[in-house]
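J.: Input: one structure, supplied below.
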Amino acid sequence: MYIKELTELNGVSGNEDEVREYIKKCIKELVDEISIDSMGNLIAFKKGKNSKYKVMLSAHMDEVGFMVTGFGESGVVKFATVGGIDERILPGKRVLVGEKNIPGVIGSKPVHMQEREERNVNIKLKKMYIDIGTDKREETEKLVSLGDYVAFYSPYTQFGEGLVKAKALDDRVGCAILIEALKERYEFDLYACFTVQEEVGLRGSEIAAYTVNPDIALVVEGTTCSDVPGVEKSEYSTVLGDGAALTIMDRTSYPSKNFVNYIFELAQKSKLSIQFKQTNSGGNDAGKIQMSRGGVVTASISVPCRYIHSPVSVMSEKDFNSCRDIVIAVLKDLGKNQQLIENMKRI
Amino acid sequence: MEYMTVLKELSELTGVSGREYGISSYIANIFREYCDKVEIDKFYNVSGYKKGSDMAGKKIMIMAHHDEIGLLVKSIDEKGFIKFTNIGGIDSKILLAQEVVVHGSKDVYGVIGAKPPHLLKPEEAKKAVKMEDLYIDTGLSNESISKLVSIGDVITFKTYPFELRRDKLSSKCLDNRAGVAVLLDIMKRLSKLNHNHDVVFVATSQEELGLSGAKIAAYNINPDMAIVIDACHGEIPDGAKDETYALGNGPAIAIGPNLHRLYTKKIMDVAKEENIAYQVDVEPGNTGTEAWATQVSRSGIPTILISIPLKYMHTTIETVQISDIKSTGKLVSRFVSEL
Amino acid sequence: MFDLIKRLTDSFGVSGNEEGIRETIINEIKNDIQEISVDTLGNLIAIKPGKGKKIMVAAHMDEIGVMATYIDEKGFIRFANIGGVSSFVSVGQKVRFKNGTIGAVFYEDKLEDMKNLKLSKMYIDIGAKDKNEAEKSVRIGDVACFMGDAVRQSDMVFSKAIDDRSGCAVLIKAIKELPQTDNEIYFVFTVQEELGLRGAKTAAYQLKPDMAIAVDVTATGDTPEAQLMEVKCGYGPAIKIKDRSIICHPEVKKLLEQSANNINIPYQYEVLEFGGSDPGAIHISAGGVPSGAISIPCRYVHSPVEAASLEDMENAVKLLVEAIK
C-alpha cells in the first residue's frame with residue numbers, strides 16, 4: 001500500500017528529497033517520462049492512446065515540521081514551525097533533527113517547577129526547545145546547523161478496526177493513490193504531479209500546473225476529520241469510515257460543480273463509498289491549480305484524517321481504498337468518454 | 001564609489017509604492033553607465049542588461065526594490081489639516097512629531113500632530129496612538145492647501161541622512177535603497193570580472209504593495225535564476241537573537257523552502273572560498289520578500305535571497321553599515337562570475 | 001437604469017453559481033455585440049473587435065450568499081458563508097436557494113450575548129418537518145442568496161447585490177452606447193470576485209489586455225458616525241486611488257480624470273482602507289496590466305439593503321464610454 005514506507009520518510013516543506021526519491025523508484029517502470037522542476041516537483045508523464053486532452057493528478061509530498069533557528073548555551077536547539085502546527089501539542093513530542101536524523105525531544109518545564117500563573121497558560125513556541133542530549137552549545141553545533149529541518153518521529157501503526165496511525169498522512173495518502181493510479185494506462189495524456197511546499201502556501205502546485213497546463217485536474221489529499229467528542233455534529237468536516245471525501249468548497253477553491261457532481265454520481269453508481277466534506281475550512285493545491293493561467297477545471301477528493309498536522313494522524317484503510325478506487329474509476333471513465341472533459345470545460 | 005554619498009542620494013529620492021515615476025528615471029540614468037541596455041516598464045520596474053561572455057549563456061536576474069513606504073492623503077478637513085492612511089506597513093507609534101513632505105502639485109512640508117498629552121484621559125494615554133487620530137499640519141488653510149493637494153496624493157518622510165560612527169548611515173527608506181546600492185556595486189564589479197551568463201539587474205516597484213513589481217518583472221524577464229537583494233532586521237538590544245543579524249558581519253543568506261537549496265549552498269561556498277563573512281537567515285516559510293513571488297513565477301524560477309542587516313525597519317531612522325553593502329556586492333558578483 | 005438594475009439584482013448568482021445572472025446578461029447584450037463566450041471558470045466575455053488598444057472592462061457578476069453544510073434531524077440547516085457575510089446583518093433575513101426554496105435565518109436561542117453571534121450559531125429554517133423532508137428541497141452544498149428586492153425612491157435604489165450588478169449594468173449600457181472606436185474592447189463579467197478576485201485573474205491572463213478598467217461599488221463615508229472617507233452617494237462616480245489589493249496605475253487614473261473633465265461630469269476620489277477588487281488581481285496578471293477602476297458609491301455593502309444613486313450609475317456609463325472610446 002506504500003503508506004508505511006511513505007509516512008516513515010521525512011519530507012518537511014522545502015526538503016522533500018527522500019520522499020521524491022522513493023516515489024521515483026516506485027513509478028519509473030510505470031511512466032514514460034519523469035521530470036523534476038526547480039522547486040522539486042516530480043512530474044510523471046504517461047502518454048495516452050489519444051493525446052487530445054491533458055489530465056493532471058496532484059498530491060503533495062511535503063509535510064508540516066520545523067526548522068532549526070538557534071541554539072541555547074546548554075546545547076538545546078531552538079526551532080520554528082514549518083506549516084500550520086498547533087503549538088499546544090508540541091511539548092513532550094519526539095523528533096528527528098537534520099539530515100542525519102538525530103533523535104530529539106521537545107522539552108518544557110515540568111509541572112512541579114511551574115509557577116501558578118504559568119500553569120494556566122499555554123507554553124509559547126518561543127519558550128520551547130529540542131533536547132538532543134548534548135550538554136554544550138559547541139557540542140550541538142557540531143551536529144546540527146542553522147536551517148536544518150526537523151520532522152516528527154512517529155512509526156506507522158495499524159490499530160483499532162482497520163485504522164492506521166502515522167505522521168504525514170496528509171498527504172502521503174495522496175502520493176500512494178497516485179502511484180496506484182499510474183499502474184493503469186488511460187486514453188488521455190496523464191500527468192501525475194507529486195508537488196512540494198503545499199503546507200507553506202500551495203507553492204509547488206502553482207508552478208506545476210503552469211508547466212503542465214492541463215485541461216482538467218484532480219487533487220488527491222488527506223483532509224481534516226473532526227468527528228470526535230466535544231464537537232457538534234453540524235461541525236464535523238468528514239466522518240471516519242464513511243468513504244472518500246469530496247470537497248464542495250474551501251477557503252482556496254470552489255471546484256467545478258460539474259466535475260464534483262460527476263465524481264459523486266460515478267462513485268455511487270460504482271458502489272464506492274463517498275461523502276461530501278461538510279465544512280468550508282482549510283484549503284489545498286486545488287486553489288492554485290484552478291487559477292492557473294486561464295483557469296483549469298478542478299476537483300479534490302480526500303482521505304479523511306483525524307488529528308491532521310500532528311504526529312498521530314489517523315485514517316481508516318476503508319476510506320483509503322474507496323478514495324483510490326474512485327480516482328481510478330474516474331480516470332477510466334473519463335478516458336472512455338472524452339467528450340465529458342470538453343463538456344466540463346464549457347461550464 | 002563612495003557608497004556613503006551614493007546611499008544618501010538614493011534615500012533622498014521620492015518613490016512611494018505605486019508612484020515610482022520619478023525615481024525610476026533617476027535609477028535608469030545610473031544604470032546606463034554600466035549596462036548595455038536599460039528599460040523602464042509600464043509599472044516603473046527598471047531593468048539593466050549586461051551581456052555575458054558565453055553566447056549560449058543563461059539569464060540571471062538580480063533584483064532589489066526601489067519603492068518605499070509612505071502615507072497617502074485621505075481627507076482634508078475644514079481647517080486644512082490632512083488626514084492620511086498608510087502605504088506599506090507603518091507603526092503609528094513612530095509617526096508622532098515626524099516631519100513629512102506632501103507631494104501635491106507642489107511639494108508641501110508638514111508635521112504630524114495629535115491630541116496633546118495633557119488633554120488625554122489617563123486610559124487613552126496608556127494605549128498606543130491610532131493612525132486615525134493623527135493628522136498633518138501644513139500650516140495652510142483649507143482654501144490654500146486644496147489648491148495644491150488633493151485626495152490620493154502621496155506623502156513621504158522628510159529625509160535627514162545621519163552619518164553615525166563606525167561607517168553607519170541612518171536615513172529613510174534604506175529598505176531597500178541599500179539594495180539598489182548593492183545592484184550598482186555588483187554592476188561595477190562585473191564590469192571587471194568575466195561572467196558567462198547574461199545578467200539582468202532589476203530595480204523593482206511596488207514591493208511594499210504585495211510584491212507586485214517583482215511579480216510583473218519576473219514574469220516578463222523569465223530568467224533562469226534569480227537573486228533577490230533586500231533588507232533584514234539588524235541586531236538591537238531588545239530583539240530576539242534568532243531573528244536579527246548584526247550590522248557589520250556581512251549579508252544574511254536565507255535558507256528555507258522559499259529558496260533554491262543548491263544555489264544557496266553554492267553562494268555560501270563562494271563566501272567561504274573568498275573569505276567573505278555572512279550570516280544565516282533561517283526562513284521556515286514565507287520570506288515576505290520578492291523571493292516569495294519570484295520563485296513561483298511561470299514554471300518556477302530558482303531563487304536565492306541575500307539580505308543586508310538594517311536596524312529600525314520601516315521608520316525614519318533605518319540604519320545600515322556601509323561595509324555590509326560592499327561585502328554583499330562582492331559576494332554576489334563572485335557568485336555570478338563563478339556560475 | 002432602474003429596470004435594468006431590477007432585472008440584474010433579481011437574478012441568482014452566488015459566487016461559483018453564476019449561471020442565472022450570466023443568462024440574464026447574455027439576454028441583455030446578445031443583440032448589441034456579436035462575439036460572446038464563456039470561459040472555464042464561467043467568466044462571460046463579450047468582445048468588440050478593433051485594431052487599436054486592447055482594453056479590458058470588468059464588473060463582477062457574482063454576489064455573496066450562504067451554503068448548506070449540514071441538515072439536522074429536525075430539518076434545520078446549518079450553513080457557511082460564501083464571501084463576506086456578516087452574522088449580524090443576516091439575522092432575520094430570508095434566503096432563496098437556487099431551486100426557489102425559501103428559508104429564514106435565525107440564531108440559537110441559548111446565545112446569551114449577541115457579541116458572540118457567529119454563523120456557526122445560526123441556522124436556516126425552511127419549514128421542513130424533519131431531515132427527510134428538508135433533504136427533498138435542499139442538499140448539502142446547495143447555495144442560497146439573500147432576498148432583498150430592488151426598490152426605488154427618488155434617485156436612490158435599495159437592493160441586494162448592487163455589489164456588483166450596478167457595475168454589470170454600467171457595462172451593459174456602455175455596450176449599447178459605445179460609439180465608433182478603433183480600440184478592441186473586452187467586456188468581462190467576472191465570477192468569484194467575492195471569493196478572492198478569482199475570475200478576473202484567469203480572464204486577464206487569457207486576454208492579456210493593454211489596460212483594464214473595473215467597475216465596482218465602493219463604501220462611503222456619508223452615513224451617521226461613519227468611518228472617515230471622502231465618498232458620498234449622489235456626488236458622481238469615484239475614481240479609485242487605492243484599496244487593499246492595489247494602488248491604481250497613475251496613467252489609468254489620469255485617463256479617467258481627463259475623461260470626466262472632458263464630458264463635465266462630477267467625480268470623487270476613492271481611498272478605500274479595506275477590501276480588495278478585481279483590478280488587484282488583473283494588474284499583476286500575465287506580466288502586468290495597468291489597471292484602474294470606476295466605483296459606484298454604495299452604502300451598506302454586503303447587506304440586502306445596499307443603496308446607491310442611479311445618477312451616479314448613469315454618470316459612470318458616460319465616464320466609461322468616454323474613457324474607452
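Residue numbering restarts at 1 in every chain; chains get A, B, ... in the order shown in the C-alpha cells, and ligands count up from 1 in that same order.
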Specify as a compact mmCIF listing (two decimals) with C-alpha atoms, in the first residue's frame all residues of chain B found within 9 Å of chain A, counting only C-alpha atoms.
T.:
```
# COMPACT_ATOMS: atom_id res chain seq x y z
CA LYS B 241 18.74 36.88 18.66
CA ASP B 242 17.48 34.35 16.12
CA GLU B 243 15.53 36.93 14.12
CA ALA B 254 18.45 32.95 3.60
CA ILE B 255 17.75 29.25 3.80
CA GLY B 256 14.34 27.61 3.65
CA PRO B 257 11.62 26.35 1.32
CA ASN B 258 11.36 29.68 -0.49
CA LEU B 259 14.97 29.44 -1.62
CA HIS B 260 16.76 27.12 -4.01
CA ARG B 261 18.95 24.82 -1.96
CA VAL B 280 22.44 32.53 8.04
CA ASP B 281 18.83 33.67 7.91
CA VAL B 282 16.52 30.75 8.65
CA GLU B 283 13.17 31.24 6.89
CA PRO B 284 10.73 28.40 7.55
CA GLY B 285 8.00 29.74 5.25
CA ASN B 286 7.11 32.97 3.53
CA GLN B 295 10.10 31.53 -7.03
CA VAL B 296 6.63 30.65 -8.34
CA SER B 297 6.61 32.78 -11.48
CA ARG B 298 5.50 30.80 -14.59
CA SER B 299 7.10 27.32 -14.36
CA GLY B 300 9.20 28.32 -11.35
CA ILE B 301 12.48 30.23 -11.01
CA PRO B 302 15.29 29.02 -8.75
```
J.: Could you make a table, as a tab-separated table, of the residues of chain A that have an atom within 10 Å of an atom of chain C, each with its nearest atom pair and distance in Å to one decimal, counting only C-alpha atoms, in chain and number order?
T.:
```
residue	atom	partner	partner_atom	distance
A:Asp215	CA	C:Thr40	CA	9.4
A:Lys233	CA	C:Tyr70	CA	8.4
A:Ser234	CA	C:Tyr70	CA	5.6
A:Glu235	CA	C:Tyr70	CA	8.1
A:Tyr236	CA	C:Tyr70	CA	8.9
A:Ser237	CA	C:Thr69	CA	9.1
A:Thr247	CA	C:Gly141	CA	9.3
A:Ile248	CA	C:Gly141	CA	6.1
A:Met249	CA	C:Gly141	CA	8.1
A:Asp250	CA	C:Ile82	CA	9.7
A:Arg251	CA	C:Leu195	CA	8.1
A:Thr252	CA	C:Leu195	CA	8.3
A:Ser253	CA	C:Leu195	CA	8.2
A:Tyr254	CA	C:Gly16	CA	6.5
A:Pro255	CA	C:Gly16	CA	8.5
A:Ser256	CA	C:Leu41	CA	7.8
A:Lys257	CA	C:Gly16	CA	8.4
A:Phe276	CA	C:Ile140	CA	7.8
A:Lys277	CA	C:Thr69	CA	8.6
A:Gln278	CA	C:Thr69	CA	5.1
A:Thr279	CA	C:Thr69	CA	6.2
A:Asn280	CA	C:Ala80	CA	7.0
A:Ser281	CA	C:Ala80	CA	9.4
A:Gly287	CA	C:Arg198	CA	9.7
A:Gln290	CA	C:Leu41	CA	8.3
A:Met291	CA	C:Thr202	CA	6.2
A:Ser292	CA	C:Thr202	CA	7.2
A:Arg293	CA	C:Tyr205	CA	5.9
A:Gly294	CA	C:Thr202	CA	4.3
A:Gly295	CA	C:Thr202	CA	5.4
A:Val296	CA	C:Thr40	CA	6.5
A:Val297	CA	C:Thr40	CA	6.6
A:Thr298	CA	C:Leu41	CA	9.8
A:Met344	CA	C:Thr40	CA	8.0
A:Lys345	CA	C:Thr40	CA	5.1
A:Arg346	CA	C:Thr40	CA	6.0
A:Ile347	CA	C:Thr40	CA	6.1
```
J.: Once you count only C-alpha atoms, what closest atom pair and distance in Å to one decimal does each residue of chain C within 6 Å of chain B have, with rows by chain and rising residue number, as CSV?
T.:
```
residue,atom,partner,partner_atom,distance
C:Ile241,CA,B:Gly152,CA,5.8
C:Ile247,CA,B:Gly18,CA,5.8
C:Ile284,CA,B:Ile216,CA,5.9
C:Gly287,CA,B:Ile216,CA,4.5
C:Gly288,CA,B:Ile216,CA,5.1
```
J.: Would you save the residues of that selection, restricted to N, CA and C atoms, as a compact mmCIF listing (two decimals), in the first residue's frame?
T.:
```txt
# COMPACT_ATOMS: atom_id res chain seq x y z
N ILE C 241 -8.34 55.39 -6.13
CA ILE C 241 -6.92 55.63 -5.91
C ILE C 241 -6.30 54.35 -5.39
N ILE C 247 -2.78 49.82 -5.71
CA ILE C 247 -2.77 51.28 -5.91
C ILE C 247 -2.91 51.43 -7.40
N ILE C 284 -1.52 42.38 -11.77
CA ILE C 284 -0.31 41.56 -11.70
C ILE C 284 -0.40 40.32 -12.60
N GLY C 287 2.31 39.32 -16.70
CA GLY C 287 3.33 40.32 -16.98
C GLY C 287 2.92 41.75 -16.73
N GLY C 288 1.73 41.96 -16.15
CA GLY C 288 1.37 43.31 -15.72
C GLY C 288 0.41 44.01 -16.65
```
J.: List the spatial neighbours of stretch 330-339 of chain A as a PyMOL selection string - criterion: any atom at most 7 Å away, only C-alpha atoms, same-chain residues fewer than 4 positions off excluded.
T.: chain A and resi 186-188+263+326+343
J.: Per DSSP on the backbone, filter stretch 7-238 of chain C down to the residues in strand (DSSP E) and report them as a PyMOL selection string.
T.: chain C and resi 35-38+44-48+54-60+65-71+77-82+94-97+102-107+122-125+143-146+151-153+156-159+184-190+211-218+238
J.: Would you pick out the contacts of A:Met56 at 6 Å or less, using only C-alpha atoms, so that residues sharing its chain but fewer than 4 positions from it are not included, and give the list as JSON, numbers by chain?
T.: {"A": [191, 192, 214, 217]}
J.: Can those selected residues be exported to a file as a PDB file, in the first residue's frame so that it contains C-alpha atoms?
T.:
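Final output, saved to part.pdb:
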```pdb
ATOM      1  CA  TYR A 191       0.465  13.954 -15.700  1.00  0.00           C
ATOM      2  CA  ALA A 192       0.854  12.767 -12.134  1.00  0.00           C
ATOM      3  CA  PRO A 214      -3.877  20.695 -18.070  1.00  0.00           C
ATOM      4  CA  ALA A 217      -7.120  18.343 -12.704  1.00  0.00           C
TER       5      ALA A 217
END
```
J.: Just asking: which residues within stretch 250-319 of chain B are alpha helix (DSSP H) according to DSSP, as a list in words?
T.: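 Assigned to alpha helix (DSSP H), within stretch 250-319 of chain B: Arg261, Leu262, Tyr263, Thr264, Lys265, Lys266, Ile267, Met268, Asp269, Val270, Ala271, Lys272, Glu273, Glu290, Ala291, Trp292, Ala293, Thr294 and Gln295 of chain B.
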J.: B:Lys127: which residues within 12 Å, counting only C-alpha atoms, same-chain residues fewer than 6 positions away excluded, as a list in words?
T.: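 Everything that qualifies: Ser92, Lys93, Leu120 and Lys121 of chain B.
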J.: Can you write out the residues you just picked, keeping N, CA and C atoms, as a compact mmCIF listing (two decimals), in the first residue's frame?
T.:
```txt
# COMPACT_ATOMS: atom_id res chain seq x y z
N SER B 92 2.04 53.21 13.84
CA SER B 92 1.56 54.57 14.15
C SER B 92 2.38 55.22 15.25
N LYS B 93 2.91 54.41 16.15
CA LYS B 93 3.63 54.97 17.30
C LYS B 93 4.86 55.77 16.88
N LEU B 120 -5.13 64.19 27.12
CA LEU B 120 -5.55 62.79 27.04
C LEU B 120 -6.07 62.31 28.38
N LYS B 121 -7.15 61.53 28.32
CA LYS B 121 -7.61 60.87 29.53
C LYS B 121 -6.59 59.80 29.90
```
J.: Would you kindly return, as a PyMOL selection string, each protein, DNA or RNA residue with an atom no farther than 10 Å from any atom of stretch 89-102 of chain C, considering only C-alpha atoms and excluding same-chain residues fewer than 3 positions away?
T.: chain C and resi 11-14+17+20+65-68+85-86+105-107+117+119+122-127+137-138+142-148+300+302-305
J.: If you keep N, CA and C atoms, can you produce a file of those selected residues as a short mmCIF file (atom, residue, chain, number, x, y, z; two decimals), in the first residue's frame?
T.:
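Final output, saved to again_5.cif:
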```
data_model
loop_
_atom_site.label_atom_id
_atom_site.label_comp_id
_atom_site.auth_asym_id
_atom_site.auth_seq_id
_atom_site.Cartn_x
_atom_site.Cartn_y
_atom_site.Cartn_z
N SER C 11 -31.67 38.34 -10.46
CA SER C 11 -31.09 37.09 -10.95
C SER C 11 -30.22 36.46 -9.88
N PHE C 12 -30.16 35.14 -9.93
CA PHE C 12 -29.39 34.38 -8.93
C PHE C 12 -27.94 34.27 -9.40
N GLY C 13 -27.01 34.54 -8.49
CA GLY C 13 -25.61 34.46 -8.92
C GLY C 13 -24.63 34.45 -7.77
N VAL C 14 -24.88 33.59 -6.79
CA VAL C 14 -23.93 33.47 -5.68
C VAL C 14 -22.59 32.97 -6.25
N ASN C 17 -21.74 30.14 -8.66
CA ASN C 17 -23.04 29.69 -9.17
C ASN C 17 -23.67 30.80 -9.99
N GLY C 20 -27.39 31.76 -13.51
CA GLY C 20 -28.60 32.56 -13.70
C GLY C 20 -28.28 33.96 -14.18
N GLY C 65 -23.45 35.05 -0.51
CA GLY C 65 -24.56 34.16 -0.18
C GLY C 65 -24.15 33.17 0.89
N VAL C 66 -24.92 32.10 1.00
CA VAL C 66 -24.61 31.08 2.00
C VAL C 66 -24.69 29.71 1.35
N MET C 67 -24.04 28.71 2.02
CA MET C 67 -24.04 27.35 1.50
C MET C 67 -24.47 26.40 2.62
N ALA C 68 -25.40 25.49 2.31
CA ALA C 68 -25.84 24.50 3.30
C ALA C 68 -24.70 23.53 3.59
N VAL C 85 -20.00 37.56 4.60
CA VAL C 85 -21.36 37.61 5.13
C VAL C 85 -21.29 37.93 6.61
N SER C 86 -21.94 38.99 7.05
CA SER C 86 -21.94 39.36 8.45
C SER C 86 -23.04 38.60 9.18
N VAL C 105 -33.40 32.96 8.30
CA VAL C 105 -32.12 32.82 9.01
C VAL C 105 -32.30 33.29 10.45
N PHE C 106 -31.99 32.43 11.41
CA PHE C 106 -32.07 32.84 12.80
C PHE C 106 -30.95 32.20 13.61
N TYR C 107 -30.92 32.51 14.93
CA TYR C 107 -29.81 32.04 15.74
C TYR C 107 -30.31 31.22 16.92
N LEU C 117 -22.38 36.26 18.52
CA LEU C 117 -23.14 35.72 17.39
C LEU C 117 -22.19 35.38 16.24
N LEU C 119 -21.79 32.74 12.61
CA LEU C 119 -22.61 31.99 11.66
C LEU C 119 -22.79 30.55 12.13
N MET C 122 -25.88 29.85 14.00
CA MET C 122 -27.11 30.22 13.30
C MET C 122 -27.56 29.08 12.39
N TYR C 123 -28.80 29.18 11.90
CA TYR C 123 -29.33 28.11 11.05
C TYR C 123 -30.36 28.69 10.10
N ILE C 124 -30.73 27.88 9.11
CA ILE C 124 -31.78 28.28 8.18
C ILE C 124 -32.98 27.36 8.41
N ASP C 125 -34.15 27.94 8.53
CA ASP C 125 -35.39 27.20 8.72
C ASP C 125 -36.16 27.25 7.40
N ILE C 126 -36.32 26.09 6.76
CA ILE C 126 -37.11 26.11 5.52
C ILE C 126 -38.52 25.56 5.75
N GLY C 127 -38.86 25.41 7.03
CA GLY C 127 -40.21 24.96 7.35
C GLY C 127 -40.43 23.47 7.17
N SER C 137 -35.72 19.28 -0.63
CA SER C 137 -35.52 20.58 -1.29
C SER C 137 -34.08 21.06 -1.25
N VAL C 138 -33.36 20.68 -0.21
CA VAL C 138 -32.01 21.23 -0.07
C VAL C 138 -31.01 20.12 0.18
N ASP C 142 -25.73 23.02 -1.48
CA ASP C 142 -26.60 23.95 -2.19
C ASP C 142 -26.38 25.37 -1.66
N VAL C 143 -26.53 26.32 -2.54
CA VAL C 143 -26.29 27.70 -2.13
C VAL C 143 -27.56 28.53 -2.22
N ALA C 144 -27.57 29.59 -1.43
CA ALA C 144 -28.72 30.48 -1.41
C ALA C 144 -28.24 31.92 -1.38
N CYS C 145 -29.05 32.81 -1.98
CA CYS C 145 -28.72 34.23 -1.91
C CYS C 145 -29.66 34.89 -0.91
N PHE C 146 -29.27 36.05 -0.43
CA PHE C 146 -30.16 36.80 0.44
C PHE C 146 -31.26 37.41 -0.41
N MET C 147 -32.43 37.63 0.17
CA MET C 147 -33.51 38.25 -0.58
C MET C 147 -33.57 39.72 -0.23
N GLY C 148 -33.81 40.54 -1.22
CA GLY C 148 -33.89 41.98 -1.00
C GLY C 148 -34.23 42.62 -2.32
N TYR C 300 -24.01 50.44 2.88
CA TYR C 300 -24.43 49.14 3.43
C TYR C 300 -24.02 47.98 2.54
N HIS C 302 -22.70 44.58 1.15
CA HIS C 302 -22.89 43.21 1.65
C HIS C 302 -24.08 43.10 2.62
N SER C 303 -25.15 43.79 2.30
CA SER C 303 -26.40 43.62 3.03
C SER C 303 -27.51 43.55 1.99
N PRO C 304 -28.72 43.14 2.40
CA PRO C 304 -29.83 43.11 1.42
C PRO C 304 -30.39 44.49 1.10
N VAL C 305 -29.86 45.52 1.77
CA VAL C 305 -30.36 46.87 1.50
C VAL C 305 -29.24 47.79 1.03
#
```
